[in-house]
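S.K.: The structure's right below; bear with me while I get my questions together.
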Amino acid sequence: MFRVLLICSVLAGKSALACSPPPQIEMEIHLATVNAERAKSGRPALALSPELSAIAQAHACDMARRGYFSHNSPDGRSMTDRARRAGISGICTMGENIAQGQSDVPTVVASWMRSPGHRRNILDRDFRLVGFGRGPGAHWVQVFAGAC
C-alpha cells in the first residue's frame, strides 16, 4: 500500500512540474476580475489574447523552473524581447504585472490593485488586450498590449 501511494505522489508531482496553462475557466475568471476593476474606473473591457497568454505562461513557467522573480529573465530578456521573439506585431504599448504566492485570481488581482504601478497597468486606457499565465509556486503573470 505504501509503495502505491509513493508512486502516485511522485507521478502527481511530475505532472505539476509540467507547467500547463491555467484551465479556461480560470482564464475567464481572471479576465472578468480585471475587467470589473476597469469598469469601476470607466475603462473599456480588455479582450483575452491567446498570443499574450502564451507569452505570460512561458514567463511564469520560466520563473518557476529557474527560481527567479523578475520582469527580466536571468539572461536579460524583457517582456518586449519575449513578445518580439514570439512574433507579436502591431503593438505600440505593453505592460506586465508579475506576482508570486497568491492562492487565487481574486487575491492576486486585489494585490496588484493595491500597488500603484500594477494598478496603472490594469487600468491603462491604451491597453486593449491581455494575456494571463500561472506557473508552479503561484507565479502569476499578466501581459497587456495596445495596438498602434
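The way I read the labels, and the way they are meant: chains A, B, ... in the order of the C-alpha cells, residue 1 as the first residue of every chain, and ligand 1 as the first ligand shown, with later ones counted on from there.
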Write out as a Markdown table a residue-level contact list of segment 15-68 of chain A versus segment 75-92 of chain A with cut-off 12 Å: for each qualifying residue the closest pair of atoms and the distance in Å to one decimal, counting only C-alpha atoms, rows sorted by chain and residue number upward.
M.R.:
| residue | atom | partner | partner_atom | distance |
| --- | --- | --- | --- | --- |
| A:Ser49 | CA | A:Ile88 | CA | 10.9 |
| A:Pro50 | CA | A:Ile88 | CA | 11.1 |
| A:Glu51 | CA | A:Ile88 | CA | 7.5 |
| A:Leu52 | CA | A:Ala83 | CA | 7.8 |
| A:Ser53 | CA | A:Ala83 | CA | 10.7 |
| A:Ala54 | CA | A:Ala86 | CA | 8.8 |
| A:Ile55 | CA | A:Ala83 | CA | 6.7 |
| A:Ala56 | CA | A:Met79 | CA | 8.8 |
| A:Gln57 | CA | A:Arg82 | CA | 11.3 |
| A:Ala58 | CA | A:Arg82 | CA | 9.1 |
| A:His59 | CA | A:Arg82 | CA | 8.4 |
| A:Ala60 | CA | A:Met79 | CA | 11.7 |
| A:Asp62 | CA | A:Asp75 | CA | 11.3 |
| A:Met63 | CA | A:Asp75 | CA | 11.8 |
| A:Arg66 | CA | A:Asp75 | CA | 11.0 |
| A:Tyr68 | CA | A:Asp75 | CA | 11.4 |
S.K.: For N, CA, C and O atoms, I'd like the residues from the last selection saved as a PDB file, in the first residue's frame.
M.R.:
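See again29.pdb below for the written result:
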ATOM      1  N   SER A  49      -6.108  37.665 -25.194  1.00  0.00           N
ATOM      2  CA  SER A  49      -5.267  37.353 -26.344  1.00  0.00           C
ATOM      3  C   SER A  49      -4.538  36.034 -26.113  1.00  0.00           C
ATOM      4  O   SER A  49      -3.726  35.937 -25.179  1.00  0.00           O
ATOM      5  N   PRO A  50      -4.788  35.023 -26.939  1.00  0.00           N
ATOM      6  CA  PRO A  50      -4.050  33.762 -26.799  1.00  0.00           C
ATOM      7  C   PRO A  50      -2.536  33.954 -26.963  1.00  0.00           C
ATOM      8  O   PRO A  50      -1.748  33.296 -26.276  1.00  0.00           O
ATOM      9  N   GLU A  51      -2.128  34.869 -27.843  1.00  0.00           N
ATOM     10  CA  GLU A  51      -0.702  35.109 -28.050  1.00  0.00           C
ATOM     11  C   GLU A  51      -0.063  35.728 -26.800  1.00  0.00           C
ATOM     12  O   GLU A  51       1.025  35.313 -26.391  1.00  0.00           O
ATOM     13  N   LEU A  52      -0.732  36.701 -26.198  1.00  0.00           N
ATOM     14  CA  LEU A  52      -0.194  37.297 -24.971  1.00  0.00           C
ATOM     15  C   LEU A  52      -0.238  36.301 -23.820  1.00  0.00           C
ATOM     16  O   LEU A  52       0.662  36.289 -22.971  1.00  0.00           O
ATOM     17  N   SER A  53      -1.261  35.451 -23.792  1.00  0.00           N
ATOM     18  CA  SER A  53      -1.336  34.416 -22.751  1.00  0.00           C
ATOM     19  C   SER A  53      -0.178  33.434 -22.883  1.00  0.00           C
ATOM     20  O   SER A  53       0.390  32.996 -21.872  1.00  0.00           O
ATOM     21  N   ALA A  54       0.196  33.098 -24.113  1.00  0.00           N
ATOM     22  CA  ALA A  54       1.333  32.191 -24.317  1.00  0.00           C
ATOM     23  C   ALA A  54       2.626  32.822 -23.795  1.00  0.00           C
ATOM     24  O   ALA A  54       3.452  32.148 -23.165  1.00  0.00           O
ATOM     25  N   ILE A  55       2.801  34.126 -24.033  1.00  0.00           N
ATOM     26  CA  ILE A  55       3.985  34.830 -23.535  1.00  0.00           C
ATOM     27  C   ILE A  55       3.971  34.871 -22.004  1.00  0.00           C
ATOM     28  O   ILE A  55       4.984  34.617 -21.349  1.00  0.00           O
ATOM     29  N   ALA A  56       2.814  35.192 -21.426  1.00  0.00           N
ATOM     30  CA  ALA A  56       2.681  35.253 -19.962  1.00  0.00           C
ATOM     31  C   ALA A  56       2.943  33.885 -19.345  1.00  0.00           C
ATOM     32  O   ALA A  56       3.646  33.770 -18.329  1.00  0.00           O
ATOM     33  N   GLN A  57       2.381  32.844 -19.945  1.00  0.00           N
ATOM     34  CA  GLN A  57       2.556  31.494 -19.413  1.00  0.00           C
ATOM     35  C   GLN A  57       4.021  31.068 -19.477  1.00  0.00           C
ATOM     36  O   GLN A  57       4.552  30.504 -18.519  1.00  0.00           O
ATOM     37  N   ALA A  58       4.676  31.344 -20.583  1.00  0.00           N
ATOM     38  CA  ALA A  58       6.084  30.972 -20.717  1.00  0.00           C
ATOM     39  C   ALA A  58       6.935  31.679 -19.659  1.00  0.00           C
ATOM     40  O   ALA A  58       7.843  31.075 -19.078  1.00  0.00           O
ATOM     41  N   HIS A  59       6.636  32.946 -19.381  1.00  0.00           N
ATOM     42  CA  HIS A  59       7.414  33.679 -18.379  1.00  0.00           C
ATOM     43  C   HIS A  59       7.135  33.136 -16.980  1.00  0.00           C
ATOM     44  O   HIS A  59       8.068  32.969 -16.178  1.00  0.00           O
ATOM     45  N   ALA A  60       5.867  32.833 -16.674  1.00  0.00           N
ATOM     46  CA  ALA A  60       5.530  32.256 -15.367  1.00  0.00           C
ATOM     47  C   ALA A  60       6.249  30.920 -15.169  1.00  0.00           C
ATOM     48  O   ALA A  60       6.809  30.655 -14.098  1.00  0.00           O
ATOM     49  N   ASP A  62       8.994  29.898 -16.719  1.00  0.00           N
ATOM     50  CA  ASP A  62      10.434  30.136 -16.647  1.00  0.00           C
ATOM     51  C   ASP A  62      10.847  30.592 -15.251  1.00  0.00           C
ATOM     52  O   ASP A  62      11.842  30.111 -14.704  1.00  0.00           O
ATOM     53  N   MET A  63      10.073  31.511 -14.665  1.00  0.00           N
ATOM     54  CA  MET A  63      10.391  31.969 -13.301  1.00  0.00           C
ATOM     55  C   MET A  63      10.336  30.800 -12.319  1.00  0.00           C
ATOM     56  O   MET A  63      11.219  30.660 -11.465  1.00  0.00           O
ATOM     57  N   ARG A  66      13.322  28.220 -13.119  1.00  0.00           N
ATOM     58  CA  ARG A  66      14.687  28.695 -12.846  1.00  0.00           C
ATOM     59  C   ARG A  66      14.822  29.412 -11.513  1.00  0.00           C
ATOM     60  O   ARG A  66      15.911  29.860 -11.154  1.00  0.00           O
ATOM     61  N   TYR A  68      13.539  32.367 -10.146  1.00  0.00           N
ATOM     62  CA  TYR A  68      13.727  33.812 -10.030  1.00  0.00           C
ATOM     63  C   TYR A  68      12.366  34.484 -10.053  1.00  0.00           C
ATOM     64  O   TYR A  68      11.354  33.873 -10.366  1.00  0.00           O
TER      65      TYR A  68
END
S.K.: Restrict the calculation to only C-alpha atoms, then for each residue of segment 29-131 of chain A with any atom at most 6 Å from an atom of segment 138-147 of chain A give the closest atom pair and their distance in Å to one decimal, rows by chain and rising residue number, as CSV.
M.R.:
residue,atom,partner,partner_atom,distance
A:Ala56,CA,A:Val141,CA,5.3
A:Ala60,CA,A:His139,CA,5.4
A:Gly90,CA,A:Ala147,CA,5.7
A:Ile91,CA,A:Ala147,CA,4.5
A:Cys92,CA,A:Ala147,CA,5.5
A:Thr93,CA,A:Gly146,CA,5.0
A:Met94,CA,A:Ala145,CA,4.3
A:Gly95,CA,A:Phe144,CA,5.0
A:Glu96,CA,A:Val143,CA,4.5
A:Asn97,CA,A:Gln142,CA,5.0
A:Ile98,CA,A:Val141,CA,4.5
A:Ala99,CA,A:Trp140,CA,5.0
A:Gln100,CA,A:His139,CA,4.6
A:Gly101,CA,A:Ala138,CA,4.9
A:Asp126,CA,A:Gly146,CA,5.5
A:Phe127,CA,A:Gly146,CA,4.2
A:Arg128,CA,A:Gly146,CA,5.2
A:Leu129,CA,A:Ala145,CA,5.2
A:Val130,CA,A:Phe144,CA,4.4
A:Gly131,CA,A:Val143,CA,5.1
S.K.: Would you put the residues from that selection into a file with all heavy atoms, as a short mmCIF file (atom, residue, chain, number, x, y, z; two decimals), in the first residue's frame?
M.R.:
data_model
loop_
_atom_site.label_atom_id
_atom_site.label_comp_id
_atom_site.auth_asym_id
_atom_site.auth_seq_id
_atom_site.Cartn_x
_atom_site.Cartn_y
_atom_site.Cartn_z
N ALA A 56 2.81 35.19 -21.43
CA ALA A 56 2.68 35.25 -19.96
C ALA A 56 2.94 33.88 -19.35
O ALA A 56 3.65 33.77 -18.33
CB ALA A 56 1.29 35.76 -19.59
N ALA A 60 5.87 32.83 -16.67
CA ALA A 60 5.53 32.26 -15.37
C ALA A 60 6.25 30.92 -15.17
O ALA A 60 6.81 30.65 -14.10
CB ALA A 60 4.01 32.08 -15.24
N GLY A 90 2.29 44.79 -34.45
CA GLY A 90 1.17 45.71 -34.40
C GLY A 90 0.86 46.21 -33.00
O GLY A 90 -0.23 46.71 -32.73
N ILE A 91 1.81 46.08 -32.10
CA ILE A 91 1.64 46.50 -30.70
C ILE A 91 2.51 47.73 -30.47
O ILE A 91 3.70 47.72 -30.78
CB ILE A 91 2.08 45.38 -29.73
CG1 ILE A 91 1.25 44.11 -29.95
CG2 ILE A 91 2.04 45.85 -28.29
CD1 ILE A 91 -0.20 44.25 -29.62
N CYS A 92 1.92 48.79 -29.94
CA CYS A 92 2.68 50.01 -29.65
C CYS A 92 2.95 50.20 -28.16
O CYS A 92 3.91 50.86 -27.78
CB CYS A 92 1.95 51.23 -30.20
SG CYS A 92 2.15 51.39 -31.97
N THR A 93 2.08 49.67 -27.32
CA THR A 93 2.27 49.80 -25.88
C THR A 93 2.11 48.43 -25.23
O THR A 93 1.28 47.63 -25.66
CB THR A 93 1.25 50.77 -25.25
OG1 THR A 93 -0.06 50.28 -25.50
CG2 THR A 93 1.38 52.16 -25.83
N MET A 94 2.92 48.19 -24.22
CA MET A 94 2.84 46.94 -23.48
C MET A 94 3.09 47.20 -22.00
O MET A 94 3.73 48.18 -21.64
CB MET A 94 3.86 45.91 -23.98
CG MET A 94 3.57 45.38 -25.37
SD MET A 94 4.66 44.02 -25.82
CE MET A 94 3.88 42.67 -24.90
N GLY A 95 2.59 46.29 -21.18
CA GLY A 95 2.83 46.33 -19.75
C GLY A 95 2.79 44.91 -19.22
O GLY A 95 2.24 44.02 -19.86
N GLU A 96 3.38 44.73 -18.05
CA GLU A 96 3.43 43.39 -17.46
C GLU A 96 3.30 43.50 -15.95
O GLU A 96 3.94 44.35 -15.33
CB GLU A 96 4.76 42.72 -17.82
CG GLU A 96 4.91 41.31 -17.28
CD GLU A 96 6.24 40.71 -17.68
OE1 GLU A 96 7.29 41.19 -17.19
OE2 GLU A 96 6.23 39.77 -18.49
N ASN A 97 2.47 42.66 -15.38
CA ASN A 97 2.37 42.51 -13.93
C ASN A 97 2.82 41.10 -13.58
O ASN A 97 2.43 40.14 -14.25
CB ASN A 97 0.93 42.69 -13.44
CG ASN A 97 0.47 44.13 -13.51
OD1 ASN A 97 1.26 45.04 -13.70
ND2 ASN A 97 -0.82 44.34 -13.34
N ILE A 98 3.63 40.98 -12.53
CA ILE A 98 4.01 39.67 -12.02
C ILE A 98 3.72 39.64 -10.52
O ILE A 98 3.69 40.69 -9.86
CB ILE A 98 5.49 39.32 -12.31
CG1 ILE A 98 6.45 40.30 -11.63
CG2 ILE A 98 5.73 39.25 -13.82
CD1 ILE A 98 7.93 39.91 -11.77
N ALA A 99 3.48 38.45 -10.03
CA ALA A 99 3.25 38.26 -8.59
C ALA A 99 3.64 36.83 -8.25
O ALA A 99 3.72 35.97 -9.13
CB ALA A 99 1.79 38.51 -8.23
N GLN A 100 3.86 36.60 -6.97
CA GLN A 100 4.19 35.24 -6.53
C GLN A 100 3.58 34.98 -5.17
O GLN A 100 3.66 35.83 -4.28
CB GLN A 100 5.70 35.05 -6.45
CG GLN A 100 6.09 33.64 -6.08
CD GLN A 100 7.60 33.46 -6.03
OE1 GLN A 100 8.36 34.41 -6.08
NE2 GLN A 100 8.03 32.22 -5.90
N GLY A 101 2.96 33.82 -5.04
CA GLY A 101 2.49 33.34 -3.75
C GLY A 101 1.01 33.46 -3.50
O GLY A 101 0.49 32.81 -2.60
N ASP A 126 -4.80 52.81 -22.79
CA ASP A 126 -4.26 52.41 -24.08
C ASP A 126 -4.29 50.90 -24.30
O ASP A 126 -4.20 50.44 -25.43
CB ASP A 126 -2.82 52.90 -24.25
CG ASP A 126 -2.75 54.41 -24.33
OD1 ASP A 126 -3.73 55.04 -24.80
OD2 ASP A 126 -1.72 54.97 -23.93
N PHE A 127 -4.39 50.13 -23.23
CA PHE A 127 -4.37 48.68 -23.38
C PHE A 127 -5.74 48.17 -23.83
O PHE A 127 -6.77 48.61 -23.32
CB PHE A 127 -3.96 48.00 -22.08
CG PHE A 127 -2.54 48.27 -21.67
CD1 PHE A 127 -2.19 48.32 -20.33
CD2 PHE A 127 -1.54 48.48 -22.61
CE1 PHE A 127 -0.88 48.56 -19.94
CE2 PHE A 127 -0.23 48.72 -22.23
CZ PHE A 127 0.10 48.76 -20.90
N ARG A 128 -5.73 47.26 -24.77
CA ARG A 128 -6.96 46.65 -25.29
C ARG A 128 -6.94 45.13 -25.19
O ARG A 128 -7.97 44.48 -25.27
CB ARG A 128 -7.18 47.03 -26.76
CG ARG A 128 -7.42 48.50 -26.98
CD ARG A 128 -8.76 48.93 -26.38
NE ARG A 128 -9.07 50.32 -26.66
CZ ARG A 128 -8.96 51.29 -25.78
NH1 ARG A 128 -8.55 51.05 -24.56
NH2 ARG A 128 -9.28 52.52 -26.10
N LEU A 129 -5.73 44.56 -25.04
CA LEU A 129 -5.56 43.11 -24.99
C LEU A 129 -4.83 42.72 -23.71
O LEU A 129 -4.04 43.49 -23.16
CB LEU A 129 -4.72 42.62 -26.18
CG LEU A 129 -5.25 42.94 -27.57
CD1 LEU A 129 -4.20 42.63 -28.62
CD2 LEU A 129 -6.53 42.16 -27.83
N VAL A 130 -5.08 41.48 -23.26
CA VAL A 130 -4.40 40.98 -22.08
C VAL A 130 -4.19 39.48 -22.23
O VAL A 130 -4.95 38.80 -22.92
CB VAL A 130 -5.20 41.30 -20.79
CG1 VAL A 130 -6.52 40.55 -20.74
CG2 VAL A 130 -4.37 41.03 -19.53
N GLY A 131 -3.14 39.00 -21.62
CA GLY A 131 -2.87 37.57 -21.54
C GLY A 131 -2.49 37.21 -20.12
O GLY A 131 -1.93 38.05 -19.40
#
S.K.: Could you check the closest approach to Gln102 of chain A for each of A:Arg120, A:His71, A:Arg134, A:Arg125 and tell me which residue wins, using only C-alpha atoms?
M.R.: A:Arg134
S.K.: Need the shell around segment 38-45 of chain A: protein/DNA/RNA residues with any atom at most 9 Å away, counting only C-alpha atoms. Skip same-chain ones fewer than 4 positions apart. Format as a list in words?
M.R.: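 Contacts, with the query itself left out: Leu31, Ala32, Thr33, Val34, Ile122, Leu123, Asp124, Arg125, Arg128 and Leu129 of chain A.
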S.K.: Write out as a PyMOL selection string the set of residues from chain A that DSSP, computed on the backbone, places in strand (DSSP E or B).
M.R.: chain A and resi 47-48+91-100+129-135+139-147
S.K.: Between A:Pro21, A:Leu48, A:Ala64, A:Ser73, single out the one closest to Pro136 of chain A, counting only C-alpha atoms.
M.R.: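 Residue with the minimum atom-to-atom distance to Pro136 of chain A: A:Ala64.
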